[in-house]
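Trainee: The structure file query18.cif (mmCIF, C-alpha atoms (C1' of nucleotides)) is provided below.
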```cif
data_structure
#
loop_
_atom_site.label_atom_id
_atom_site.label_comp_id
_atom_site.auth_asym_id
_atom_site.auth_seq_id
_atom_site.Cartn_x
_atom_site.Cartn_y
_atom_site.Cartn_z
CA MET A 191 80.18 52.63 28.68
CA ALA A 192 76.46 52.34 29.04
CA ARG A 193 73.11 52.80 27.44
CA PRO A 194 72.61 56.28 25.97
CA ARG A 195 69.53 58.37 26.54
CA GLU A 196 66.69 57.79 24.17
CA PHE A 197 65.18 61.25 24.46
CA ASP A 198 66.18 64.77 23.56
CA GLU A 199 66.32 66.91 26.67
CA ARG A 200 65.18 70.03 24.86
CA ARG A 201 62.20 68.28 23.34
CA VAL A 202 61.15 67.08 26.76
CA LEU A 203 61.56 70.52 28.27
CA ARG A 204 59.48 72.01 25.50
CA ALA A 205 56.65 69.52 25.98
CA VAL A 206 56.71 69.99 29.73
CA ARG A 207 56.69 73.75 29.38
CA GLU A 208 53.60 73.65 27.17
CA GLN A 209 51.76 71.60 29.75
CA PHE A 210 52.76 73.81 32.69
CA TRP A 211 51.92 76.87 30.64
CA ASN A 212 48.47 75.61 29.72
CA ALA A 213 47.41 74.21 33.05
CA GLY A 214 49.62 75.82 35.67
CA TYR A 215 51.88 74.09 38.17
CA ALA A 216 49.42 72.64 40.65
CA ALA A 217 46.96 71.51 38.00
CA THR A 218 49.65 69.57 36.15
CA SER A 219 50.15 66.03 37.37
CA LEU A 220 53.11 63.78 36.75
CA GLN A 221 50.85 61.69 34.56
CA ASP A 222 50.34 64.71 32.30
CA LEU A 223 54.08 65.23 32.16
CA MET A 224 54.72 61.58 31.36
CA ARG A 225 52.13 61.60 28.61
CA ASP A 226 53.41 64.79 26.99
CA SER A 227 57.08 63.98 27.29
CA GLY A 228 56.74 60.32 26.44
CA LEU A 229 58.99 59.43 29.34
CA GLY A 230 58.36 57.20 32.30
CA LYS A 231 58.47 58.42 35.84
CA GLY A 232 61.86 56.97 36.54
CA SER A 233 63.42 58.68 33.56
CA LEU A 234 61.91 62.03 34.42
CA TYR A 235 63.12 61.84 37.99
CA ALA A 236 66.57 60.62 37.03
CA ALA A 237 67.01 63.32 34.41
CA PHE A 238 65.43 66.36 36.05
CA GLY A 239 64.75 65.65 39.71
CA ASP A 240 61.29 66.16 41.12
CA LYS A 241 58.33 68.03 39.71
CA HIS A 242 59.41 71.33 41.17
CA GLN A 243 62.90 71.21 39.73
CA LEU A 244 61.53 70.18 36.36
CA PHE A 245 59.18 73.14 36.48
CA LEU A 246 62.00 75.52 37.27
CA ARG A 247 64.06 74.14 34.41
CA ALA A 248 61.17 74.70 32.00
CA LEU A 249 60.54 78.17 33.36
CA ARG A 250 64.17 79.23 33.12
CA SER A 251 64.57 77.98 29.59
CA TYR A 252 61.41 79.85 28.63
CA ASN A 253 62.72 83.04 30.16
CA ASP A 254 66.12 82.72 28.58
CA ALA A 255 64.60 82.16 25.15
CA ASN A 256 62.28 85.10 25.66
CA ASP A 257 65.10 87.33 26.74
CA ARG A 258 67.15 86.45 23.69
CA ALA A 259 64.19 87.06 21.39
CA LEU A 260 63.47 90.40 23.03
CA ARG A 261 67.03 91.61 22.67
CA THR A 262 67.17 90.52 19.07
CA MET A 263 63.90 92.27 18.34
CA LEU A 264 64.95 95.49 20.06
CA GLU A 265 68.38 95.57 18.48
CA SER A 266 67.17 94.78 15.00
CA ALA A 267 64.50 97.47 15.00
CA PRO A 268 65.48 100.13 12.46
CA ARG A 269 64.63 102.80 14.98
CA ALA A 270 64.72 102.10 18.71
CA LEU A 271 61.32 103.74 19.07
CA ASP A 272 59.83 101.06 16.83
CA GLY A 273 61.31 98.41 19.07
CA LEU A 274 59.78 99.99 22.16
CA ARG A 275 56.39 100.15 20.48
CA ALA A 276 56.64 96.53 19.41
CA PHE A 277 57.54 95.61 22.97
CA VAL A 278 54.32 97.04 24.38
CA MET A 279 52.27 95.62 21.53
CA ALA A 280 53.86 92.17 21.74
CA PRO A 281 51.01 90.59 23.74
CA VAL A 282 48.56 91.32 20.91
CA ARG A 283 50.81 90.30 18.06
CA ASP A 284 48.76 87.16 17.48
CA ALA A 285 45.67 88.49 15.73
CA THR A 286 43.59 85.45 16.65
CA GLY A 287 43.70 86.27 20.35
CA VAL A 288 44.74 82.75 21.28
CA ALA A 289 48.16 83.81 22.49
CA ALA A 290 46.64 86.70 24.43
CA ARG A 291 44.37 84.36 26.34
CA ARG A 292 47.16 82.02 27.11
CA GLY A 293 49.19 84.82 28.57
CA CYS A 294 52.85 84.68 29.47
CA PHE A 295 54.24 81.57 31.13
CA MET A 296 56.36 83.62 33.51
CA ALA A 297 53.47 85.93 34.43
CA ASN A 298 51.15 83.00 35.01
CA SER A 299 53.75 81.31 37.18
CA THR A 300 54.44 84.47 39.12
CA TYR A 301 50.79 84.85 39.98
CA GLU A 302 50.37 81.24 40.92
CA LEU A 303 53.55 80.64 42.87
CA ALA A 304 55.72 83.67 43.56
CA ALA A 305 54.04 84.45 46.87
CA ALA A 306 54.80 81.03 48.31
CA ASP A 307 57.78 79.82 46.31
CA PRO A 308 61.04 81.71 46.83
CA GLU A 309 62.70 80.17 43.81
CA VAL A 310 59.93 81.22 41.48
CA LEU A 311 59.95 84.66 43.05
CA ALA A 312 63.69 84.94 42.49
CA GLU A 313 63.26 83.85 38.88
CA ALA A 314 60.54 86.46 38.42
CA ARG A 315 62.74 89.21 39.76
CA ARG A 316 65.69 88.09 37.71
CA THR A 317 63.61 87.98 34.55
CA TYR A 318 61.94 91.34 34.99
CA GLU A 319 65.19 93.00 35.86
CA ALA A 320 66.74 91.58 32.72
CA THR A 321 63.78 92.78 30.67
CA THR A 322 63.93 96.21 32.25
CA ALA A 323 67.62 96.44 31.45
CA ALA A 324 67.09 95.45 27.81
CA VAL A 325 64.26 97.93 27.36
CA ALA A 326 66.18 100.68 29.14
CA GLU A 327 69.07 100.13 26.79
CA CYS A 328 66.69 100.56 23.89
CA VAL A 329 65.33 103.73 25.45
CA VAL A 330 68.86 105.13 25.56
CA ARG A 331 69.23 104.40 21.87
CA ALA A 332 65.89 106.07 21.18
CA GLN A 333 67.17 109.12 23.02
CA ARG A 334 70.31 109.15 20.92
CA GLU A 335 68.14 108.94 17.84
CA GLY A 336 66.15 111.90 19.10
CA ASP A 337 62.85 110.05 19.42
CA VAL A 338 62.59 110.09 23.19
CA PRO A 339 63.19 113.20 25.30
CA ALA A 340 66.75 113.22 26.61
CA ASP A 341 65.69 114.28 30.09
CA SER A 342 63.62 111.20 30.84
CA ASP A 343 65.15 108.45 32.95
CA PRO A 344 65.67 105.34 30.78
CA VAL A 345 65.20 102.81 33.56
CA GLU A 346 62.11 104.54 34.87
CA THR A 347 60.69 104.68 31.37
CA ALA A 348 61.49 101.02 30.84
CA ARG A 349 59.67 100.08 34.04
CA ALA A 350 56.59 102.00 32.99
CA LEU A 351 56.61 100.32 29.57
CA LEU A 352 57.01 96.90 31.16
CA ALA A 353 54.15 97.55 33.55
CA ALA A 354 51.99 98.70 30.67
CA GLN A 355 52.85 95.60 28.69
CA GLN A 356 52.01 93.35 31.60
CA GLY A 357 48.74 95.22 32.03
CA VAL A 358 47.90 94.29 28.45
CA VAL A 359 48.87 90.69 29.12
CA PHE A 360 46.53 90.66 32.06
CA MET A 361 43.60 92.11 30.15
CA GLY A 362 44.15 89.41 27.55
CA ARG A 363 43.95 86.81 30.25
CA THR A 364 40.52 88.06 31.27
CA GLY A 365 39.29 87.05 27.83
CA MET A 366 38.98 90.55 26.45
CA ASP A 367 38.46 90.29 22.70
CA ILE A 368 41.56 90.87 20.66
CA THR A 369 40.24 93.94 18.87
CA THR A 370 39.52 95.84 22.06
CA LEU A 371 42.75 94.59 23.55
CA THR A 372 44.74 95.81 20.58
CA ALA A 373 43.09 99.19 20.85
CA THR A 374 43.99 99.39 24.52
CA ALA A 375 47.58 98.41 23.86
CA GLY A 376 47.75 100.97 21.09
CA SER A 377 46.33 103.64 23.31
CA LEU A 378 48.89 102.91 26.02
CA THR A 379 51.68 102.95 23.45
CA ALA A 380 50.53 106.28 22.08
CA GLN A 381 50.45 107.88 25.49
CA LEU A 382 53.66 106.41 26.87
CA LEU A 383 55.77 106.91 23.76
CA PRO A 384 56.13 109.89 21.45
CA GLU A 385 54.21 109.71 18.18
CA ALA A 386 56.19 108.94 15.07
CA MET B 243 11.62 75.07 64.05
CA ALA B 244 15.06 73.61 64.23
CA ARG B 245 18.55 74.13 65.36
CA PRO B 246 19.89 77.52 64.26
CA ARG B 247 23.27 78.00 62.65
CA GLU B 248 26.12 78.61 64.99
CA PHE B 249 28.24 80.59 62.55
CA ASP B 250 28.04 83.91 60.77
CA GLU B 251 28.06 83.39 57.03
CA ARG B 252 29.93 86.62 56.35
CA ARG B 253 32.60 85.77 58.89
CA VAL B 254 33.10 82.42 57.24
CA LEU B 255 33.26 83.94 53.77
CA ARG B 256 35.82 86.43 54.97
CA ALA B 257 38.03 83.74 56.50
CA VAL B 258 37.73 81.59 53.41
CA ARG B 259 38.55 84.49 51.14
CA GLU B 260 41.72 85.28 53.08
CA GLN B 261 42.88 81.70 52.68
CA PHE B 262 42.11 81.51 48.97
CA TRP B 263 43.71 84.89 48.49
CA ASN B 264 46.91 83.91 50.28
CA ALA B 265 47.38 80.45 48.84
CA GLY B 266 45.31 80.30 45.66
CA TYR B 267 42.57 77.84 44.82
CA ALA B 268 44.47 74.64 44.14
CA ALA B 269 46.86 75.12 47.02
CA THR B 270 44.03 75.53 49.50
CA SER B 271 42.73 72.28 50.95
CA LEU B 272 39.45 71.69 52.69
CA GLN B 273 41.41 71.23 55.88
CA ASP B 274 42.70 74.78 55.53
CA LEU B 275 39.18 76.03 55.03
CA MET B 276 37.91 74.07 58.03
CA ARG B 277 40.66 75.41 60.22
CA ASP B 278 40.18 79.03 59.17
CA SER B 279 36.41 78.99 59.22
CA GLY B 280 36.08 76.88 62.34
CA LEU B 281 33.46 74.75 60.62
CA GLY B 282 33.38 71.03 59.98
CA LYS B 283 33.29 69.58 56.52
CA GLY B 284 29.60 68.80 56.63
CA SER B 285 28.66 72.31 57.65
CA LEU B 286 30.70 73.85 54.88
CA TYR B 287 29.17 71.59 52.28
CA ALA B 288 25.64 72.06 53.56
CA ALA B 289 25.96 75.82 53.65
CA PHE B 290 27.98 76.57 50.52
CA GLY B 291 28.16 73.49 48.36
CA ASP B 292 31.52 72.19 47.25
CA LYS B 293 34.92 73.82 47.25
CA HIS B 294 34.43 75.42 43.87
CA GLN B 295 31.11 77.03 44.76
CA LEU B 296 32.53 78.27 48.03
CA PHE B 297 35.40 79.81 46.14
CA LEU B 298 33.06 81.56 43.73
CA ARG B 299 31.03 82.93 46.62
CA ALA B 300 34.14 84.34 48.23
CA LEU B 301 35.34 85.76 44.94
CA ARG B 302 32.04 87.43 44.12
CA SER B 303 31.69 89.00 47.52
CA TYR B 304 35.24 90.31 47.20
CA ASN B 305 34.46 91.83 43.81
CA ASP B 306 31.22 93.36 44.94
CA ALA B 307 32.87 94.96 47.94
CA ASN B 308 35.68 96.23 45.77
CA ASP B 309 33.30 97.66 43.24
CA ARG B 310 31.36 99.52 45.94
CA ALA B 311 34.56 100.89 47.43
CA LEU B 312 35.81 102.00 44.03
CA ARG B 313 32.60 103.83 43.18
CA THR B 314 32.54 105.52 46.55
CA MET B 315 36.14 106.59 46.15
CA LEU B 316 35.63 107.92 42.63
CA GLU B 317 32.42 109.75 43.47
CA SER B 318 33.71 111.30 46.65
CA ALA B 319 36.87 112.65 45.03
CA PRO B 320 36.68 116.45 45.03
CA ARG B 321 37.85 116.45 41.44
CA ALA B 322 37.31 113.49 39.18
CA LEU B 323 40.93 113.68 38.06
CA ASP B 324 42.02 113.01 41.66
CA GLY B 325 39.84 109.93 41.67
CA LEU B 326 41.43 108.64 38.47
CA ARG B 327 44.89 109.19 39.85
CA ALA B 328 44.00 107.41 43.07
CA PHE B 329 42.65 104.54 41.01
CA VAL B 330 45.96 103.93 39.27
CA MET B 331 47.91 104.44 42.49
CA ALA B 332 45.64 102.18 44.55
CA PRO B 333 47.93 99.12 44.38
CA VAL B 334 50.70 101.03 46.15
CA ARG B 335 48.55 102.69 48.77
CA ASP B 336 49.95 100.42 51.47
CA ALA B 337 53.36 101.93 52.11
CA THR B 338 54.70 98.72 53.64
CA GLY B 339 54.44 96.85 50.36
CA VAL B 340 52.66 93.91 51.97
CA ALA B 341 49.43 94.55 50.09
CA ALA B 342 51.34 94.99 46.84
CA ARG B 343 52.94 91.58 47.21
CA ARG B 344 49.67 89.95 47.98
CA GLY B 345 48.14 91.39 44.86
CA CYS B 346 44.48 91.42 44.01
CA PHE B 347 42.35 88.39 44.77
CA MET B 348 40.51 88.66 41.47
CA ALA B 349 43.70 89.09 39.46
CA ASN B 350 45.34 86.15 41.21
CA SER B 351 42.28 84.02 40.54
CA THR B 352 42.10 85.10 36.92
CA TYR B 353 45.68 84.05 36.33
CA GLU B 354 45.27 80.76 38.11
CA LEU B 355 41.88 79.67 36.82
CA ALA B 356 40.32 81.80 34.10
CA ALA B 357 41.84 79.78 31.28
CA ALA B 358 40.28 76.54 32.46
CA ASP B 359 37.29 77.64 34.53
CA PRO B 360 34.44 79.31 32.61
CA GLU B 361 32.76 80.60 35.76
CA VAL B 362 35.89 82.33 36.96
CA LEU B 363 36.43 83.72 33.48
CA ALA B 364 32.88 85.08 33.41
CA GLU B 365 33.37 86.63 36.83
CA ALA B 366 36.60 88.23 35.63
CA ARG B 367 34.91 89.75 32.60
CA ARG B 368 31.97 90.93 34.64
CA THR B 369 34.23 92.55 37.19
CA TYR B 370 36.50 94.28 34.74
CA GLU B 371 33.60 95.55 32.72
CA ALA B 372 32.07 96.98 35.87
CA THR B 373 35.35 98.60 36.79
CA THR B 374 35.79 99.99 33.30
CA ALA B 375 32.29 101.46 33.45
CA ALA B 376 32.91 103.11 36.81
CA VAL B 377 36.20 104.58 35.69
CA ALA B 378 34.75 105.72 32.37
CA GLU B 379 32.00 107.52 34.25
CA CYS B 380 34.64 109.29 36.26
CA VAL B 381 36.51 110.21 33.08
CA VAL B 382 33.34 111.84 31.79
CA ARG B 383 33.12 113.89 34.94
CA ALA B 384 36.77 114.86 34.60
CA GLN B 385 36.01 116.02 31.08
CA ARG B 386 33.11 118.12 32.34
CA GLU B 387 35.43 119.59 34.92
CA GLY B 388 37.88 120.44 32.16
CA ASP B 389 40.71 118.24 33.44
CA VAL B 390 40.66 115.69 30.65
CA PRO B 391 40.55 116.58 26.95
CA ALA B 392 36.96 116.42 25.71
CA ASP B 393 37.93 114.61 22.52
CA SER B 394 39.27 111.50 24.23
CA ASP B 395 37.03 108.45 24.41
CA PRO B 396 36.06 107.81 28.06
CA VAL B 397 35.79 104.04 27.77
CA GLU B 398 39.07 103.74 25.88
CA THR B 399 40.74 105.93 28.48
CA ALA B 400 39.26 103.85 31.26
CA ARG B 401 40.58 100.65 29.70
CA ALA B 402 44.06 102.09 29.42
CA LEU B 403 43.97 103.22 33.05
CA LEU B 404 42.75 99.80 34.18
CA ALA B 405 45.49 98.06 32.21
CA ALA B 406 48.07 100.38 33.73
CA GLN B 407 46.75 99.69 37.21
CA GLN B 408 46.88 95.97 36.65
CA GLY B 409 50.40 96.34 35.34
CA VAL B 410 51.33 97.92 38.66
CA VAL B 411 49.58 95.11 40.53
CA PHE B 412 51.62 92.63 38.58
CA MET B 413 54.93 94.33 39.24
CA GLY B 414 54.05 94.29 42.93
CA ARG B 415 53.49 90.57 42.71
CA THR B 416 57.02 90.08 41.40
CA GLY B 417 58.29 91.43 44.69
CA MET B 418 59.44 94.78 43.36
CA ASP B 419 60.21 97.01 46.31
CA ILE B 420 57.47 99.44 47.20
CA THR B 421 59.51 102.55 46.55
CA THR B 422 60.34 101.61 42.98
CA LEU B 423 56.81 100.37 42.46
CA THR B 424 55.36 103.65 43.67
CA ALA B 425 57.65 105.54 41.32
CA THR B 426 56.50 103.39 38.42
CA ALA B 427 52.85 103.86 39.28
CA GLY B 428 53.44 107.59 39.57
CA SER B 429 55.19 107.70 36.26
CA LEU B 430 52.32 105.88 34.55
CA THR B 431 49.82 108.20 36.17
CA ALA B 432 51.73 111.25 35.03
CA GLN B 433 51.85 110.06 31.44
CA LEU B 434 48.31 108.76 31.16
CA LEU B 435 46.59 111.63 32.94
CA PRO B 436 47.06 115.38 32.58
CA GLU B 437 49.14 117.07 35.23
CA ALA B 438 47.29 119.05 37.85
"C1'" DG C 108 79.61 36.92 23.91
"C1'" DC C 109 79.99 38.27 28.46
"C1'" DT C 110 80.15 41.95 31.85
"C1'" DT C 111 79.37 46.40 33.28
"C1'" DT C 112 76.93 50.60 33.38
"C1'" DG C 113 73.27 53.36 33.22
"C1'" DG C 114 68.50 54.22 31.08
"C1'" DT C 115 63.62 52.78 31.22
"C1'" DG C 116 59.04 52.02 32.72
"C1'" DG C 117 55.65 50.42 35.63
"C1'" DA C 118 54.28 48.44 40.05
"C1'" DC C 119 53.99 50.10 44.49
"C1'" DT C 120 53.60 53.26 48.71
"C1'" DG C 121 51.97 56.38 52.01
"C1'" DA C 122 49.77 60.64 52.18
"C1'" DT C 123 46.31 63.66 51.01
"C1'" DC C 124 42.77 65.07 48.26
"C1'" DG C 125 37.55 66.41 47.77
"C1'" DG C 126 33.35 64.68 48.98
"C1'" DT C 127 29.65 61.59 51.46
"C1'" DC C 128 27.10 60.00 55.20
"C1'" DA C 129 25.22 58.70 59.49
"C1'" DA C 130 24.76 59.48 64.20
"C1'" DG C 131 24.30 62.83 67.68
"C1'" DA C 132 23.18 67.53 69.44
"C1'" DA C 133 20.53 71.65 69.83
"C1'" DT C 134 16.57 74.16 69.06
"C1'" DG C 135 11.42 75.65 68.26
"C1'" DA C 136 6.77 73.95 68.06
"C1'" DT C 137 3.24 71.48 70.31
"C1'" DA D 248 8.27 66.66 77.89
"C1'" DT D 249 8.23 65.07 73.29
"C1'" DC D 250 8.82 65.42 68.53
"C1'" DA D 251 10.30 67.18 64.15
"C1'" DT D 252 13.77 69.53 61.99
"C1'" DT D 253 18.07 71.26 61.04
"C1'" DC D 254 22.90 71.79 62.15
"C1'" DT D 255 27.35 69.73 63.54
"C1'" DT D 256 30.90 66.51 63.73
"C1'" DG D 257 34.12 63.24 62.33
"C1'" DA D 258 34.67 58.70 60.52
"C1'" DC D 259 34.91 56.98 56.15
"C1'" DC D 260 35.43 56.44 50.90
"C1'" DG D 261 37.49 56.08 46.40
"C1'" DA D 262 40.54 58.62 43.65
"C1'" DT D 263 44.65 60.70 42.85
"C1'" DC D 264 48.77 62.68 44.15
"C1'" DA D 265 54.15 62.93 44.15
"C1'" DG D 266 57.73 60.11 44.77
"C1'" DT D 267 60.42 55.42 45.37
"C1'" DC D 268 62.15 51.31 43.82
"C1'" DC D 269 63.36 47.45 41.25
"C1'" DA D 270 63.27 44.18 37.49
"C1'" DC D 271 64.34 44.52 32.85
"C1'" DC D 272 66.95 46.08 28.98
"C1'" DA D 273 70.14 48.27 25.59
"C1'" DA D 274 74.57 49.55 24.46
"C1'" DA D 275 79.76 50.03 25.13
"C1'" DG D 276 84.20 47.85 26.53
"C1'" DC D 277 86.73 43.75 27.05
#
```
Since I need it in another form, could you write the structure as structure tokens?
Mentor:
Amino acid sequence: MARPREFDERRVLRAVREQFWNAGYAATSLQDLMRDSGLGKGSLYAAFGDKHQLFLRALRSYNDANDRALRTMLESAPRALDGLRAFVMAPVRDATGVAARRGCFMANSTYELAAADPEVLAEARRTYEATTAAVAECVVRAQREGDVPADSDPVETARALLAAQQGVVFMGRTGMDITTLTATAGSLTAQLLPEA
Amino acid sequence: MARPREFDERRVLRAVREQFWNAGYAATSLQDLMRDSGLGKGSLYAAFGDKHQLFLRALRSYNDANDRALRTMLESAPRALDGLRAFVMAPVRDATGVAARRGCFMANSTYELAAADPEVLAEARRTYEATTAAVAECVVRAQREGDVPADSDPVETARALLAAQQGVVFMGRTGMDITTLTATAGSLTAQLLPEA
DNA sequence: GCTTTGGTGGACTGATCGGTCAAGAATGAT
DNA sequence: ATCATTCTTGACCGATCAGTCCACCAAAGC
């Protein structure tokens, strides 16, 4: 029929996501996106719509990938309690501290845009509800395994763990050194979850 | 000597801070600042320097005011433990949820700029170290009053409480309804601090 | 090999950005 | 009243922005 696309959509989305993640939405220009994706303006617009739609595409794919990874991690943990601990400690998993400074793409976007951008706000809510649900499910398993008190509310516990995790993400964003940050995350984990 | 200023510097800083707080740095234009402050471009530049310097001025004055308010609150608490609880619950003090959605000016700014702006990063570190110190001091008092175990490290405890508080701030920013948010904050407080 | 279809990339546009500057206005000093 | 000084205002600047558009081109069907 006609000329086929010369680019891989996923590759483009990945490049674009890195740029938005590093610099934020407003501080990323179309020139940056063209450079990183290797595409011209016309191609970007034809394939993804305007800057805002492209951003949402990148954000959603990031969240979906994250959600899948989280569920895999939680489900594959030998004991559910280990999964919950790893969840809170996830922001400090990179021992160099680079990842901690970079933060979470969704969290960064929420802070920058959620107040003024309904679509980003909706995506934030959707994502954190999905995360809460996955963690709550893991809490239920931990209760079955006898590691978490049976009388605690799984969803409420999940929300507290998520808030704690995001607190760690935030402290990382302030440039706190990774050693101190890891200690803080560990201290939160120890107090919010039963000891082994 | 010469013509006196027609504006009150603090009034201008307050107006400017509100705008930066509501919209963020990049999304605030000089026109917005002129409208809200009532000043012309020339006056703003003569009095505060460029947009970035003006932003830093607003941010620092916000942090200083916050720090004073925090210390007053902590010191005037009848029992130090009450002060610590109030610290974690502060983000949900406004029962309408409006304040929770708006978040914290310093946290918003950290997420938007700290990765790329060394001055904002430095201000973030300075602020959170000051906050940690104030909270740690209050933890020491709580230990003296017998409400917090004497063997826990005050600074480490303070960092965990700060991270938890910022986690609550973040959840508020995602638009979580104030009732759920308050429950989450309460649940964190209950687990991180001894019951009354 | 010609036509058709859709992808590509860069020139172009109008708007808006942050920042400068000069001319005028208001004041205190003399 | 006059002058020196500082503040105020808005016109103006170059740069950059997101977004449009079109000439060109590559591939598939005939």
Trainee: Near range 240-253 of chain A, within 9 Å and counting only C-alpha atoms (C1' of nucleotides), which residues show up once chain neighbours fewer than 4 positions away are dropped, as a VMD selection string?
Mentor: (chain A and resid 203 to 204 206 to 207 210 215 219 to 220 234 to 236 257 to 258 295 to 296 299 309 to 310 313 317) or (chain D and resid 265 to 266)
Trainee: Separation of CA of Gly428 in chain B and CA of Arg334 in chain A, in Å?
Mentor: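 It comes out at 25.2 Å.
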Trainee: Kindly give the distance, in Å, that separates C1' of DG117 in chain C and C1' of DC272 in chain D, rounded to a single decimal.
Mentor: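 Computing it gives 13.8 Å between the two atoms.
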Trainee: Output the residue selection produced by the PyMOL selection byres ((chain C) within 12 of (chain A)) on the file above, formatted as a list in words.
Mentor: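 Applied to this file, the PyMOL selection byres ((chain C) within 12 of (chain A)) returns DT110, DT111, DT112, DG113, DG114, DT115, DG116, DG117 and DA118 of chain C.
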Trainee: Of the candidates B:Arg335, B:Arg327, B:Arg252, B:Arg415, which shows the shortest atom-to-atom distance to Ala400 in chain B, using all atoms listed in the file?
Mentor: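 Smallest distance to Ala400 in chain B is found for B:Arg327.
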Trainee: So the first atom is CA of Ser342 in chain A and the second is CA of Asp254 in chain A; what is the distance between them in Å, to one decimal place?
Mentor: 28.7 Å
Trainee: Which residues, written as a list in words, have at least one atom at most 12 Å from DC124 in chain C, with only C-alpha atoms (C1' of nucleotides) counted and residues fewer than 6 positions away on the same chain left out?
Mentor: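 Returned residues: Ala268, Ala269, Thr270, Ser271, Leu272, Gln273 and Lys293 of chain B; DC260, DG261, DA262, DT263 and DC264 of chain D.
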Trainee: Could you tell me which residues the PyMOL selection byres ((chain A) within 9 of (chain B)) grabs in this file, written as a VMD selection string?
Mentor: chain A and resid 212 to 214 216 to 217 291 to 293 297 to 306 311 to 312 314 to 315 318 346 to 347 349 to 361 363 to 366 370 to 371 373 to 375 377 to 378 381 to 382
Trainee: Determine the residue membership of the PyMOL selection byres ((chain D) within 12 of (chain B)) for the file above and supply it as an NGL selection string.
Mentor: :D and (250-258)
Trainee: Emit range 264-309 of chain A of the structure in the block as a file comprising C-alpha atoms, as a PDB file, in the first residue's frame.
Mentor:
```
ATOM      1  CA  LEU A 264       5.541  -9.297  45.006  1.00  0.00           C
ATOM      2  CA  GLU A 265       4.268 -12.608  43.699  1.00  0.00           C
ATOM      3  CA  SER A 266       7.672 -14.150  43.283  1.00  0.00           C
ATOM      4  CA  ALA A 267       8.817 -13.273  46.789  1.00  0.00           C
ATOM      5  CA  PRO A 268       9.228 -16.504  48.762  1.00  0.00           C
ATOM      6  CA  ARG A 269       7.415 -14.928  51.658  1.00  0.00           C
ATOM      7  CA  ALA A 270       4.961 -12.073  51.135  1.00  0.00           C
ATOM      8  CA  LEU A 271       6.630 -10.172  53.969  1.00  0.00           C
ATOM      9  CA  ASP A 272       9.855 -10.084  51.970  1.00  0.00           C
ATOM     10  CA  GLY A 273       7.971  -8.608  49.051  1.00  0.00           C
ATOM     11  CA  LEU A 274       6.502  -5.875  51.228  1.00  0.00           C
ATOM     12  CA  ARG A 275       9.926  -5.026  52.600  1.00  0.00           C
ATOM     13  CA  ALA A 276      11.403  -4.905  49.127  1.00  0.00           C
ATOM     14  CA  PHE A 277       8.572  -2.611  48.086  1.00  0.00           C
ATOM     15  CA  VAL A 278       9.442   0.002  50.693  1.00  0.00           C
ATOM     16  CA  MET A 279      13.158  -0.374  50.046  1.00  0.00           C
ATOM     17  CA  ALA A 280      12.792  -0.214  46.259  1.00  0.00           C
ATOM     18  CA  PRO A 281      13.763   3.475  45.982  1.00  0.00           C
ATOM     19  CA  VAL A 282      17.189   2.734  47.470  1.00  0.00           C
ATOM     20  CA  ARG A 283      17.867  -0.437  45.549  1.00  0.00           C
ATOM     21  CA  ASP A 284      20.458   1.338  43.412  1.00  0.00           C
ATOM     22  CA  ALA A 285      23.433   1.602  45.743  1.00  0.00           C
ATOM     23  CA  THR A 286      24.985   4.455  43.779  1.00  0.00           C
ATOM     24  CA  GLY A 287      22.162   6.832  44.651  1.00  0.00           C
ATOM     25  CA  VAL A 288      21.701   7.892  41.044  1.00  0.00           C
ATOM     26  CA  ALA A 289      18.267   6.325  40.763  1.00  0.00           C
ATOM     27  CA  ALA A 290      17.250   7.834  44.095  1.00  0.00           C
ATOM     28  CA  ARG A 291      18.077  11.325  42.887  1.00  0.00           C
ATOM     29  CA  ARG A 292      16.231  10.828  39.690  1.00  0.00           C
ATOM     30  CA  GLY A 293      13.135   9.807  41.559  1.00  0.00           C
ATOM     31  CA  CYS A 294      10.057   8.222  40.071  1.00  0.00           C
ATOM     32  CA  PHE A 295       8.746   9.468  36.743  1.00  0.00           C
ATOM     33  CA  MET A 296       5.159   9.284  37.924  1.00  0.00           C
ATOM     34  CA  ALA A 297       5.913  11.072  41.197  1.00  0.00           C
ATOM     35  CA  ASN A 298       7.840  13.796  39.410  1.00  0.00           C
ATOM     36  CA  SER A 299       4.997  14.244  36.947  1.00  0.00           C
ATOM     37  CA  THR A 300       2.403  14.297  39.686  1.00  0.00           C
ATOM     38  CA  TYR A 301       4.208  17.081  41.471  1.00  0.00           C
ATOM     39  CA  GLU A 302       4.756  19.085  38.339  1.00  0.00           C
ATOM     40  CA  LEU A 303       1.403  18.693  36.655  1.00  0.00           C
ATOM     41  CA  ALA A 304      -1.315  16.963  38.648  1.00  0.00           C
ATOM     42  CA  ALA A 305      -2.635  20.180  40.152  1.00  0.00           C
ATOM     43  CA  ALA A 306      -3.285  21.756  36.766  1.00  0.00           C
ATOM     44  CA  ASP A 307      -3.641  18.804  34.423  1.00  0.00           C
ATOM     45  CA  PRO A 308      -6.703  16.591  34.945  1.00  0.00           C
ATOM     46  CA  GLU A 309      -5.375  13.817  32.754  1.00  0.00           C
TER      47      GLU A 309
END
```
